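entry_9.cif (mmCIF, C-alpha atoms) appears below.
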```cif
data_run
loop_
_atom_site.label_atom_id
_atom_site.label_comp_id
_atom_site.auth_asym_id
_atom_site.auth_seq_id
_atom_site.Cartn_x
_atom_site.Cartn_y
_atom_site.Cartn_z
CA MET L 16 171.79 78.54 106.34
CA GLY L 17 171.73 79.32 102.68
CA CYS L 18 172.73 76.04 101.02
CA GLN L 19 169.79 74.45 99.24
CA ALA L 20 171.40 71.01 98.97
CA GLU L 21 168.01 69.35 98.72
CA ARG L 22 167.59 70.88 95.25
CA MET L 23 170.33 68.71 93.82
CA THR L 24 169.13 66.33 91.17
CA ARG L 25 170.73 63.17 92.57
CA GLU L 26 168.72 60.28 93.91
CA PRO L 27 167.06 61.35 97.20
CA ALA L 28 168.83 60.44 100.45
CA ASP L 29 167.72 60.52 104.07
CA VAL L 30 170.41 63.09 104.88
CA ASP L 31 173.13 65.03 103.14
CA VAL L 32 175.80 64.02 105.65
CA LEU L 33 175.89 61.04 108.00
CA ILE L 34 178.58 61.28 110.69
CA LEU L 35 179.80 58.31 112.70
CA GLY L 36 181.16 59.28 116.11
CA ALA L 37 180.40 62.27 118.35
CA GLY L 38 183.90 63.01 119.60
CA PRO L 39 185.62 66.33 118.78
CA ALA L 40 186.11 65.47 115.10
CA GLY L 41 182.56 64.25 114.54
CA SER L 42 180.83 67.08 116.37
CA ALA L 43 183.06 69.71 114.73
CA ALA L 44 182.16 68.25 111.33
CA ALA L 45 178.47 68.28 112.27
CA ILE L 46 178.60 71.92 113.36
CA GLU L 47 180.44 72.95 110.19
CA CYS L 48 178.05 71.07 107.90
CA ARG L 49 174.94 72.34 109.64
CA THR L 50 176.03 75.98 109.65
CA ARG L 51 176.46 75.63 105.89
CA GLY L 52 172.86 74.46 105.50
CA LEU L 53 173.31 70.71 105.14
CA ARG L 54 171.00 68.08 106.61
CA VAL L 55 173.10 66.18 109.15
CA ARG L 56 172.60 63.07 111.23
CA LEU L 57 175.17 62.19 113.91
CA LEU L 58 175.49 58.63 115.24
CA GLU L 59 177.22 57.86 118.55
CA GLN L 60 177.33 54.36 120.01
CA THR L 61 177.77 55.35 123.68
CA GLU L 62 175.77 57.50 126.07
CA PHE L 63 177.25 60.75 127.41
CA PRO L 64 178.94 61.59 129.68
CA ARG L 65 181.69 59.17 128.79
CA PHE L 66 185.35 58.96 129.75
CA ALA L 67 188.07 59.53 127.17
CA PRO L 68 191.72 60.51 127.69
CA GLY L 69 193.33 63.54 126.10
CA GLU L 70 192.46 66.68 128.03
CA THR L 71 195.41 68.89 127.07
CA LEU L 72 194.81 71.42 124.29
CA HIS L 73 197.31 73.68 122.54
CA PRO L 74 196.65 77.46 122.77
CA GLY L 75 195.61 77.38 119.11
CA ALA L 76 192.45 75.52 120.10
CA GLU L 77 190.91 78.70 121.53
CA ALA L 78 190.22 80.26 118.13
CA ILE L 79 188.74 76.99 116.87
CA LEU L 80 186.47 76.59 119.89
CA ARG L 81 185.29 80.17 119.46
CA ARG L 82 184.42 79.52 115.83
CA LEU L 83 182.53 76.38 116.80
CA GLY L 84 180.51 78.42 119.29
CA VAL L 85 181.46 76.65 122.55
CA TRP L 86 184.28 78.79 123.99
CA ASP L 87 182.12 80.82 126.38
CA GLU L 88 180.38 77.69 127.64
CA LEU L 89 183.74 76.05 128.40
CA GLN L 90 185.22 79.00 130.30
CA PRO L 91 184.11 77.87 133.80
CA HIS L 92 185.89 74.53 133.27
CA LEU L 93 189.27 76.01 132.27
CA ARG L 94 190.83 76.11 135.72
CA ILE L 95 194.36 75.08 134.73
CA ARG L 96 196.03 77.02 131.89
CA PRO L 97 199.65 75.84 131.42
CA LEU L 98 202.31 78.06 129.90
CA GLY L 99 204.30 75.18 128.42
CA CYS L 100 206.24 72.06 129.32
CA VAL L 101 209.49 71.26 131.13
CA VAL L 102 211.23 68.65 128.96
CA ASP L 103 214.05 66.40 130.16
CA TRP L 104 215.16 64.75 126.93
CA ASP L 105 218.46 62.98 126.41
CA ARG L 106 219.74 64.30 129.78
CA SER L 107 219.08 67.93 128.89
CA ARG L 108 216.38 69.80 130.79
CA ASP L 109 214.69 72.60 128.88
CA LEU L 110 211.69 74.86 129.34
CA HIS L 111 209.43 74.97 126.30
CA ARG L 112 206.91 77.80 126.45
CA TYR L 113 203.93 77.92 124.13
CA GLY L 114 204.83 81.44 123.04
CA GLY L 115 203.69 85.01 123.41
CA ASP L 116 205.52 87.58 125.53
CA THR L 117 205.91 88.32 129.24
CA ASP L 118 202.75 90.41 129.45
CA HIS L 119 200.65 88.22 127.17
CA PRO L 120 201.88 84.63 127.32
CA TRP L 121 200.12 81.94 125.34
CA ARG L 122 198.37 79.44 127.56
CA GLY L 123 197.22 75.97 126.79
CA MET L 124 194.31 74.39 128.59
CA HIS L 125 193.38 71.24 130.42
CA LEU L 126 189.79 70.33 129.70
CA PHE L 127 188.31 66.94 130.50
CA ARG L 128 187.04 65.22 127.38
CA SER L 129 183.65 64.50 128.92
CA VAL L 130 183.08 68.27 129.20
CA LEU L 131 184.40 69.09 125.74
CA ASP L 132 182.50 66.30 124.01
CA ALA L 133 179.22 67.23 125.71
CA ALA L 134 179.59 70.93 124.84
CA LEU L 135 180.32 70.27 121.16
CA LEU L 136 177.49 67.76 120.81
CA ALA L 137 175.01 70.09 122.52
CA ARG L 138 176.03 72.88 120.14
CA ALA L 139 175.48 70.63 117.12
CA VAL L 140 172.02 69.61 118.36
CA ARG L 141 171.04 73.23 118.99
CA LEU L 142 171.91 74.01 115.39
CA GLY L 143 169.55 71.30 114.18
CA VAL L 144 171.80 68.26 113.82
CA GLU L 145 169.78 65.08 114.30
CA ARG L 146 171.36 62.83 116.93
CA TRP L 147 171.00 59.07 117.23
CA GLN L 148 172.54 58.04 120.54
CA PRO L 149 173.21 55.31 121.47
CA CYS L 150 173.32 53.86 117.97
CA ARG L 151 175.79 51.39 116.51
CA ALA L 152 176.76 51.07 112.83
CA SER L 153 177.16 47.53 111.50
CA GLU L 154 177.54 47.64 107.71
CA VAL L 155 178.25 50.10 104.93
CA VAL L 156 176.36 49.87 101.64
CA ALA L 157 178.19 50.89 98.45
CA ARG L 158 176.90 51.48 94.94
CA ASP L 159 179.40 51.53 92.05
CA GLY L 160 182.19 51.79 94.61
CA ARG L 161 180.69 54.79 96.41
CA PRO L 162 179.38 54.38 99.99
CA VAL L 163 175.76 55.48 100.01
CA ALA L 164 174.24 54.07 103.21
CA VAL L 165 175.02 52.66 106.65
CA VAL L 166 173.11 49.89 108.38
CA THR L 167 172.64 50.74 112.08
CA THR L 168 170.80 49.46 115.11
CA HIS L 169 168.17 52.13 114.39
CA GLY L 170 167.76 51.18 110.73
CA THR L 171 169.48 51.88 107.43
CA VAL L 172 170.41 55.50 106.69
CA THR L 173 171.11 56.73 103.16
CA ALA L 174 173.42 59.71 102.78
CA ARG L 175 175.19 61.62 100.05
CA TRP L 176 178.31 61.77 102.19
CA ILE L 177 179.55 59.71 105.14
CA ILE L 178 182.10 61.07 107.61
CA ASP L 179 183.97 58.55 109.75
CA ALA L 180 184.94 60.10 113.09
CA THR L 181 185.19 56.83 115.03
CA GLY L 182 188.72 57.49 116.25
CA ARG L 183 191.06 54.57 116.79
CA HIS L 184 188.30 52.13 115.74
CA GLY L 185 188.63 53.29 112.12
CA TRP L 186 185.23 51.81 111.30
CA LEU L 187 184.84 52.93 107.70
CA ALA L 188 188.43 52.21 106.63
CA ARG L 189 188.00 48.63 107.78
CA ARG L 190 184.63 48.23 106.07
CA LEU L 191 185.93 49.65 102.79
CA HIS L 192 189.22 47.72 103.06
CA LEU L 193 191.27 50.90 102.69
CA PRO L 194 195.04 50.58 103.05
CA VAL L 195 196.37 51.59 106.48
CA GLU L 196 200.06 52.44 106.73
CA ARG L 197 202.18 52.03 109.87
CA HIS L 198 204.93 54.58 110.43
CA SER L 199 206.52 53.59 113.74
CA PRO L 200 207.38 50.61 115.91
CA ARG L 201 204.45 49.33 117.93
CA LEU L 202 203.93 51.82 120.75
CA VAL L 203 201.74 51.68 123.84
CA ALA L 204 200.69 54.52 126.12
CA ALA L 205 199.82 53.63 129.71
CA TYR L 206 197.90 56.39 131.49
CA GLY L 207 196.11 57.24 134.69
CA TYR L 208 194.96 59.95 137.10
CA ALA L 209 195.63 60.45 140.79
CA ARG L 210 194.47 62.73 143.57
CA THR L 211 197.59 64.56 144.71
CA SER L 212 198.75 67.64 146.57
CA GLN L 213 201.36 68.16 143.85
CA ARG L 214 201.38 71.59 142.23
CA LEU L 215 202.70 71.52 138.69
CA GLY L 216 200.50 74.46 137.78
CA ASP L 217 201.96 76.49 134.95
CA PHE L 218 204.04 73.73 133.37
CA CYS L 219 203.61 70.10 132.40
CA GLU L 220 206.64 67.82 132.71
CA MET L 221 208.03 65.30 130.24
CA ARG L 222 211.00 63.03 130.97
CA ALA L 223 212.63 60.59 128.56
CA ASP L 224 214.60 57.53 129.69
CA ASP L 225 216.09 54.34 128.29
CA CYS L 226 212.69 52.73 127.66
CA GLY L 227 210.38 55.57 126.69
CA TRP L 228 209.06 58.77 128.22
CA THR L 229 206.72 59.90 131.01
CA TRP L 230 204.48 62.96 131.00
CA THR L 231 202.74 64.45 134.04
CA ALA L 232 200.48 67.48 134.39
CA GLN L 233 198.15 69.02 136.92
CA VAL L 234 194.83 68.93 135.05
CA ALA L 235 192.57 70.05 137.90
CA PRO L 236 193.29 71.69 141.28
CA THR L 237 193.92 68.34 143.01
CA VAL L 238 194.23 65.96 140.05
CA THR L 239 197.44 64.93 138.29
CA ALA L 240 197.35 63.05 134.99
CA TRP L 241 200.21 60.92 133.70
CA VAL L 242 201.14 59.10 130.50
CA ARG L 243 203.91 56.56 130.06
CA LEU L 244 204.92 55.73 126.46
CA THR L 245 207.03 52.66 125.67
CA PRO L 246 207.51 50.07 122.95
CA ALA L 247 204.68 47.55 123.25
CA ALA L 248 206.96 44.89 124.77
CA ASP L 249 208.01 47.23 127.60
CA ARG L 250 204.67 48.58 128.75
CA PRO L 251 204.47 48.99 132.56
CA ASP L 252 202.21 46.77 134.63
CA ARG L 253 198.97 48.06 136.10
CA SER L 254 200.52 48.83 139.48
CA TRP L 255 203.07 51.25 138.03
CA ALA L 256 202.81 55.04 138.35
CA PRO L 257 205.38 57.84 138.14
CA GLY L 258 207.21 58.36 141.44
CA GLU L 259 205.70 61.77 142.16
CA VAL L 260 202.20 60.45 141.37
CA ALA L 261 202.51 57.07 143.09
CA ARG L 262 202.24 58.80 146.47
CA GLY L 263 198.78 60.09 145.56
CA ARG L 264 195.45 58.25 145.48
CA PRO L 265 194.71 56.65 142.09
CA LEU L 266 191.39 57.74 140.62
CA MET L 267 191.24 54.86 138.15
CA ALA L 268 193.11 51.71 137.25
CA THR L 269 195.95 52.12 134.76
CA ARG L 270 194.72 51.87 131.19
CA TYR L 271 196.51 51.26 127.91
CA ALA L 272 196.16 52.60 124.39
CA ASN L 273 197.79 51.50 121.15
CA VAL L 274 199.45 54.69 119.86
CA THR L 275 201.45 53.25 116.98
CA TRP L 276 201.71 55.89 114.28
CA ARG L 277 199.33 55.04 111.46
CA SER L 278 197.49 56.70 108.59
CA VAL L 279 194.82 55.77 106.09
CA GLY L 280 196.17 55.83 102.55
CA ARG L 281 193.09 57.54 101.10
CA PRO L 282 191.21 59.50 103.79
CA ALA L 283 188.69 60.95 101.32
CA ALA L 284 187.03 59.94 98.08
CA PRO L 285 183.62 60.65 96.53
CA GLY L 286 181.09 59.58 99.14
CA TYR L 287 183.23 59.68 102.28
CA PHE L 288 185.70 61.58 104.47
CA ILE L 289 187.72 60.12 107.33
CA VAL L 290 188.66 62.58 110.07
CA GLY L 291 190.61 62.79 113.33
CA ASP L 292 192.34 59.70 114.70
CA ALA L 293 190.41 57.55 112.25
CA ALA L 294 192.42 59.19 109.45
CA ALA L 295 195.85 59.56 111.05
CA ARG L 296 197.19 58.95 114.54
CA LEU L 297 200.43 59.74 116.36
CA ASP L 298 201.42 59.20 119.97
CA PRO L 299 200.47 61.89 122.53
CA SER L 300 203.84 63.65 122.54
CA ARG L 301 202.67 66.10 119.86
CA SER L 302 199.77 67.28 122.10
CA SER L 303 197.84 68.18 118.96
CA GLY L 304 195.40 65.29 118.63
CA ILE L 305 192.30 67.21 119.74
CA LEU L 306 193.24 70.28 117.72
CA ASN L 307 193.78 68.14 114.61
CA ALA L 308 190.45 66.41 115.21
CA LEU L 309 188.58 69.71 115.41
CA THR L 310 190.22 71.24 112.34
CA GLY L 311 189.96 68.00 110.37
CA GLY L 312 186.24 67.72 111.05
CA MET L 313 185.70 71.33 110.03
CA ALA L 314 187.77 70.88 106.87
CA ALA L 315 185.74 67.84 105.84
CA GLY L 316 182.52 69.75 106.38
CA ALA L 317 183.77 72.67 104.32
CA CYS L 318 184.81 70.38 101.46
CA ILE L 319 181.42 68.66 101.40
CA ALA L 320 179.60 72.00 101.42
CA ALA L 321 181.81 73.24 98.56
CA ALA L 322 180.80 70.23 96.49
CA MET L 323 177.10 70.21 97.39
CA CYS L 324 176.36 73.90 97.57
CA HIS L 325 178.87 75.60 95.30
CA GLY L 326 179.50 73.15 92.50
CA ALA L 327 183.07 72.24 93.39
CA ASP L 328 184.35 69.06 91.79
CA GLU L 329 183.99 66.19 94.25
CA GLY L 330 187.21 64.50 93.25
CA GLU L 331 189.20 67.71 93.56
CA ALA L 332 187.70 68.48 96.98
CA CYS L 333 188.56 64.99 98.22
CA ALA L 334 192.07 65.19 96.79
CA ALA L 335 192.67 68.55 98.46
CA TYR L 336 191.56 67.20 101.84
CA SER L 337 193.62 64.01 101.46
CA GLY L 338 196.67 66.01 100.48
CA HIS L 339 196.30 68.29 103.49
CA VAL L 340 195.93 65.38 105.91
CA ARG L 341 198.89 63.59 104.39
CA ALA L 342 201.17 66.64 104.38
CA ALA L 343 200.40 67.52 108.01
CA PHE L 344 200.92 63.93 109.11
CA VAL L 345 204.24 63.54 107.30
CA ARG L 346 205.45 66.84 108.76
CA ASP L 347 204.62 65.68 112.29
CA VAL L 348 206.19 62.26 111.70
CA ASP L 349 209.43 63.86 110.53
CA THR L 350 209.49 66.12 113.60
CA LEU L 351 208.89 63.26 116.02
CA ARG L 352 211.48 61.04 114.37
CA GLY L 353 214.00 63.83 114.80
CA HIS L 354 213.23 64.04 118.52
CA TYR L 355 213.15 60.29 119.06
CA ALA L 356 216.40 59.70 117.17
CA ARG L 357 218.19 61.01 120.27
CA LEU L 358 216.80 58.17 122.40
CA SER L 359 218.51 54.79 122.62
CA TRP L 360 215.35 52.67 122.64
CA TRP L 361 214.24 54.25 119.38
CA ARG L 362 217.64 54.00 117.70
CA ASP L 363 218.03 50.35 118.68
CA GLY L 364 214.69 49.37 117.18
CA THR L 365 211.71 48.15 119.14
CA ASP L 366 209.67 46.06 116.74
#
```
Show me, as structure tokens, the structure contained in the file I just sent.
Amino acid sequence: MGCQAERMTREPADVDVLILGAGPAGSAAAIECRTRGLRVRLLEQTEFPRFAPGETLHPGAEAILRRLGVWDELQPHLRIRPLGCVVDWDRSRDLHRYGGDTDHPWRGMHLFRSVLDAALLARAVRLGVERWQPCRASEVVARDGRPVAVVTTHGTVTARWIIDATGRHGWLARRLHLPVERHSPRLVAAYGYARTSQRLGDFCEMRADDCGWTWTAQVAPTVTAWVRLTPAADRPDRSWAPGEVARGRPLMATRYANVTWRSVGRPAAPGYFIVGDAAARLDPSRSSGILNALTGGMAAGACIAAAMCHGADEGEACAAYSGHVRAAFVRDVDTLRGHYARLSWWRDGTD
């Protein structure tokens, strides 16, 4: 860990990097920063294990998880490896494979978030990341417009950089009054899990209809997960479940998540980076939320290390990160709008 960040001549701080949130984005950022020699403190307000939805990962996540040092540890938990998704969209049923060839097909993975989050956090701690958990942030302290400290339930922490990985809560953007842009009608995802004898196995299923779409997947040998996306006004009630899942035994009450497309106008500036869902969020149809969280956290860590250890200009590093986040988000928005334009509920307007 060759970066001697403590030799910098700035006013001393408790840590080089303070990270809020120990989900995939936060822990990936912590691992990246620590492997580059930075002093890192990671704050998480809840105890682990904790429940969080979003267990489907694109095949591209394998290389990232290897780089983060958790792939081998996760192997015993990867019992379902889908080849792709059967999509019934606008009355046309198509098979979308992830890629590869007959002998070496690409496979995604279903991995419960409680397992992934715990593995990433444990890796960060083994590398020397200081963990405060449970710990809640309450205020951000700025000096000359730059955030320099966070007031928490464990005391005030000064830091040269703050990374917000608080997901949909968007803690830092709200505290700094950053502009947040909405890019879609108000959308809600209802989701749940059921014990079933259904065998979807190699393929997830996604079906669009006049009010939204429904996704189902076998995520464990006897567990089927489902997501129902609709405009906010049309969300299903708590007793609803997809027909093939309704015959099973629910493992939890139906829950809801606001998945309106949104992005922070300036996800990085001197003193802070915003990563993962806190920076930009789409609905689950892209199946890339976890992958984006991991790569976003790593990118933020690399940018901070470039500025602290290698003399890169802070403003340029922040601008490069912001541009990358913005370009990737706009590309995904354009793709989704193209798909959704074929559906009547989207064309008619739902806001």
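Straight-line separation from CA of Pro282 in chain L to CA of Val166 in chain L: 21.0 Å.
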For this session: Taking the file above as input, evaluate the PyMOL selection byres ((chain L and resi 358) around 8) and report the hits as a list in words.
Result: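 For this structure, the PyMOL selection byres ((chain L and resi 358) around 8) captures Asp105, Ala223, Asp224, Asp225, His354, Tyr355, Ala356, Arg357, Ser359, Trp360, Trp361 and Arg362 of chain L.
Each of L:Asp103, L:Glu145, L:Glu220, L:Asp118 was checked against Arg56 in chain L using only C-alpha atoms; the smallest atom-to-atom distance is that of L:Glu145.
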Exercise. Which of these residues is nearest to Arg201 in chain L, using all atoms listed in the file: L:Asp298, L:Pro265, L:Pro162, L:Pro285?
Worked result: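 Counting all atoms listed in the file, the residue closest to Arg201 in chain L is L:Asp298.
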Counting all atoms listed in the file, which residues of range 45-130 of chain L fall within 12 Å of range 302-311 of chain L, and what is the closest atom pair for each with its distance in Å at one decimal, ordered by chain and rising number, as CSV?
```
residue,atom,partner,partner_atom,distance
L:Ala45,CA,L:Leu309,CA,10.7
L:Ile46,CA,L:Leu309,CA,10.4
L:Glu47,CA,L:Thr310,CA,10.2
L:Ala67,CA,L:Ile305,CA,11.5
L:Pro68,CA,L:Ile305,CA,10.4
L:Gly69,CA,L:Ile305,CA,7.4
L:Glu70,CA,L:Ile305,CA,8.3
L:Thr71,CA,L:Ser302,CA,6.8
L:Leu72,CA,L:Ile305,CA,6.7
L:His73,CA,L:Ser303,CA,6.6
L:Pro74,CA,L:Leu306,CA,9.4
L:Gly75,CA,L:Leu306,CA,7.6
L:Ala76,CA,L:Leu306,CA,5.8
L:Glu77,CA,L:Leu306,CA,9.5
L:Ala78,CA,L:Leu306,CA,10.4
L:Ile79,CA,L:Leu309,CA,7.4
L:Leu80,CA,L:Leu309,CA,8.5
L:Arg81,CA,L:Leu309,CA,11.7
L:Arg82,CA,L:Leu309,CA,10.7
L:Leu83,CA,L:Leu309,CA,9.1
L:Gly99,CA,L:Ser302,CA,11.1
L:Cys100,CA,L:Ser302,CA,10.8
L:Tyr113,CA,L:Ser302,CA,11.6
L:Gly123,CA,L:Ser302,CA,10.2
L:Met124,CA,L:Ser302,CA,11.1
L:His125,CA,L:Ser302,CA,11.2
L:Leu126,CA,L:Ile305,CA,10.7
L:Phe127,CA,L:Ile305,CA,11.5
L:Arg128,CA,L:Ile305,CA,9.5
```
For this session: Work out how far CA of Leu35 in chain L is from CA of Arg270 in chain L, in Å to one decimal.
Result: 24.6 Å
Problem set entry | One-decimal distance in Å that lies between CA of Trp121 in chain L and CA of Ala139 in chain L | 28.3 Å
Problem set entry | Proximity to Val242 in chain L - best of L:Pro299, L:Pro200, L:Gly353, L:Gly36, all atoms listed in the file |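 That would be L:Pro299, the residue with the smallest distance to Val242 in chain L.
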For range 117-130 of chain L, what centre and edge lengths in Å (one decimal) does the axis-aligned box get once 4 Å is added on each side of all its listed atoms, as lines of an AutoDock Vina configuration file?
```
center_x = 194.5
center_y = 77.5
center_z = 127.9
size_x = 30.8
size_y = 33.9
size_z = 13.2
```
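Minimum atom-to-atom distances from L:Phe288, L:Leu131, L:Ser199, L:Thr231 to Asp349 in chain L were compared using only C-alpha atoms, and the lowest value belongs to L:Ser199.
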For this session: Given the file shown, determine the residues that the PyMOL selection byres ((chain L and resi 58) around 9) selects; report them as an MDAnalysis selection string.
Result: chainID L and resid 33:37 56:57 59:60 145:152 167
Problem set entry | Exercise: residues within 10 Å of coordinate (202.9, 60.5, 143.4), counting only C-alpha atoms, as an MDAnalysis selection string | chainID L and resid 209:213 239 256:265
May I have the selected residues written with C-alpha atoms, as an mmCIF file, in the coordinates of the input?
```
data_model
loop_
_atom_site.group_PDB
_atom_site.id
_atom_site.type_symbol
_atom_site.label_atom_id
_atom_site.label_comp_id
_atom_site.auth_asym_id
_atom_site.auth_seq_id
_atom_site.Cartn_x
_atom_site.Cartn_y
_atom_site.Cartn_z
ATOM 1 C CA ALA L 209 195.630 60.450 140.790
ATOM 2 C CA ARG L 210 194.470 62.730 143.570
ATOM 3 C CA THR L 211 197.590 64.560 144.710
ATOM 4 C CA SER L 212 198.750 67.640 146.570
ATOM 5 C CA GLN L 213 201.360 68.160 143.850
ATOM 6 C CA THR L 239 197.440 64.930 138.290
ATOM 7 C CA ALA L 256 202.810 55.040 138.350
ATOM 8 C CA PRO L 257 205.380 57.840 138.140
ATOM 9 C CA GLY L 258 207.210 58.360 141.440
ATOM 10 C CA GLU L 259 205.700 61.770 142.160
ATOM 11 C CA VAL L 260 202.200 60.450 141.370
ATOM 12 C CA ALA L 261 202.510 57.070 143.090
ATOM 13 C CA ARG L 262 202.240 58.800 146.470
ATOM 14 C CA GLY L 263 198.780 60.090 145.560
ATOM 15 C CA ARG L 264 195.450 58.250 145.480
ATOM 16 C CA PRO L 265 194.710 56.650 142.090
#
```
Problem set entry | Pick from L:Gly207, L:Arg222, L:Ala232, L:Glu331, whichever lies nearest to Ala284 in chain L using all atoms listed in the file | L:Glu331
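All protein and nucleic acid residues in the vicinity of (188.7, 76.3, 134.8), that is within 10 Å when counting only C-alpha atoms, are Leu89, Gln90, Pro91, His92, Leu93, Arg94, Ile95, Arg96, Met124, His125, Leu126, Val234, Ala235 and Pro236 of chain L.
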Problem set entry | Proximity to Gly312 in chain L - best of L:Glu62, L:Asp109, L:Asp29, L:Asp179, all atoms listed in the file |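 Of L:Glu62, L:Asp109, L:Asp29, L:Asp179, the one nearest Gly312 in chain L, counting all atoms listed in the file, is L:Asp179.
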If you count only C-alpha atoms, which residues fall within 8 Å of Cys318 in chain L, apart from same-chain ones fewer than 6 positions away, as a PDB file with C-alpha atoms, in the frame of the given file?
```pdb
ATOM      1  CA  ALA L 332     187.700  68.480  96.980  1.00  0.00           C
ATOM      2  CA  CYS L 333     188.560  64.990  98.220  1.00  0.00           C
ATOM      3  CA  TYR L 336     191.560  67.200 101.840  1.00  0.00           C
TER       4      TYR L 336
END
```
Identify, on the basis of all atoms listed in the file, every residue whose closest approach to Pro64 in chain L does not exceed 9 Å; exclude the query and any residue fewer than 2 positions from it along the same chain; express the result as a PDB file with C-alpha atoms, in the frame of the given file.
```pdb
ATOM      1  CA  THR L  61     177.770  55.350 123.680  1.00  0.00           C
ATOM      2  CA  GLU L  62     175.770  57.500 126.070  1.00  0.00           C
ATOM      3  CA  PHE L  66     185.350  58.960 129.750  1.00  0.00           C
ATOM      4  CA  SER L 129     183.650  64.500 128.920  1.00  0.00           C
ATOM      5  CA  VAL L 130     183.080  68.270 129.200  1.00  0.00           C
ATOM      6  CA  ASP L 132     182.500  66.300 124.010  1.00  0.00           C
ATOM      7  CA  ALA L 133     179.220  67.230 125.710  1.00  0.00           C
TER       8      ALA L 133
END
```
Problem set entry | the PyMOL selection byres ((chain L and resi 194) around 12) applied to the shown file, residues as a list in words | Gly185, Leu187, Ala188, Arg189, Arg190, Leu191, His192, Leu193, Val195, Glu196, Arg197, Arg277, Ser278, Val279, Gly280, Arg281, Pro282 and Ala294 of chain L
Model the absent atoms of range 37-54 of chain L so that N, CA and C atoms are present, and write the result as a short mmCIF file (atom, residue, chain, number, x, y, z; two decimals), in the coordinates of the input.
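Dumped to selection_15.cif:
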```
data_model
loop_
_atom_site.label_atom_id
_atom_site.label_comp_id
_atom_site.auth_asym_id
_atom_site.auth_seq_id
_atom_site.Cartn_x
_atom_site.Cartn_y
_atom_site.Cartn_z
N ALA L 37 180.68 60.93 117.83
CA ALA L 37 180.40 62.27 118.35
C ALA L 37 181.51 62.78 119.24
N GLY L 38 182.76 62.40 118.93
CA GLY L 38 183.90 63.01 119.60
C GLY L 38 184.17 64.38 119.00
N PRO L 39 185.32 64.99 119.31
CA PRO L 39 185.62 66.33 118.78
C PRO L 39 185.57 66.41 117.26
N ALA L 40 186.11 65.42 116.56
CA ALA L 40 186.11 65.47 115.10
C ALA L 40 184.70 65.38 114.54
N GLY L 41 183.91 64.44 115.06
CA GLY L 41 182.56 64.25 114.54
C GLY L 41 181.65 65.43 114.82
N SER L 42 181.70 65.95 116.04
CA SER L 42 180.83 67.08 116.37
C SER L 42 181.26 68.34 115.64
N ALA L 43 182.59 68.55 115.48
CA ALA L 43 183.06 69.71 114.73
C ALA L 43 182.58 69.62 113.28
N ALA L 44 182.65 68.43 112.69
CA ALA L 44 182.16 68.25 111.33
C ALA L 44 180.66 68.52 111.26
N ALA L 45 179.91 68.06 112.26
CA ALA L 45 178.47 68.28 112.27
C ALA L 45 178.13 69.76 112.35
N ILE L 46 178.84 70.48 113.22
CA ILE L 46 178.60 71.92 113.36
C ILE L 46 178.91 72.64 112.05
N GLU L 47 180.05 72.30 111.44
CA GLU L 47 180.44 72.95 110.19
C GLU L 47 179.43 72.67 109.08
N CYS L 48 179.02 71.42 108.94
CA CYS L 48 178.05 71.07 107.90
C CYS L 48 176.71 71.76 108.12
N ARG L 49 176.26 71.77 109.36
CA ARG L 49 174.94 72.34 109.64
C ARG L 49 174.92 73.85 109.45
N THR L 50 175.99 74.53 109.84
CA THR L 50 176.03 75.98 109.65
C THR L 50 176.09 76.35 108.17
N ARG L 51 176.44 75.40 107.33
CA ARG L 51 176.46 75.63 105.89
C ARG L 51 175.18 75.14 105.22
N GLY L 52 174.18 74.77 106.04
CA GLY L 52 172.86 74.46 105.50
C GLY L 52 172.61 73.02 105.14
N LEU L 53 173.48 72.12 105.50
CA LEU L 53 173.31 70.71 105.14
C LEU L 53 172.46 69.98 106.18
N ARG L 54 171.77 68.95 105.72
CA ARG L 54 171.00 68.08 106.61
C ARG L 54 171.94 67.03 107.18
#
```
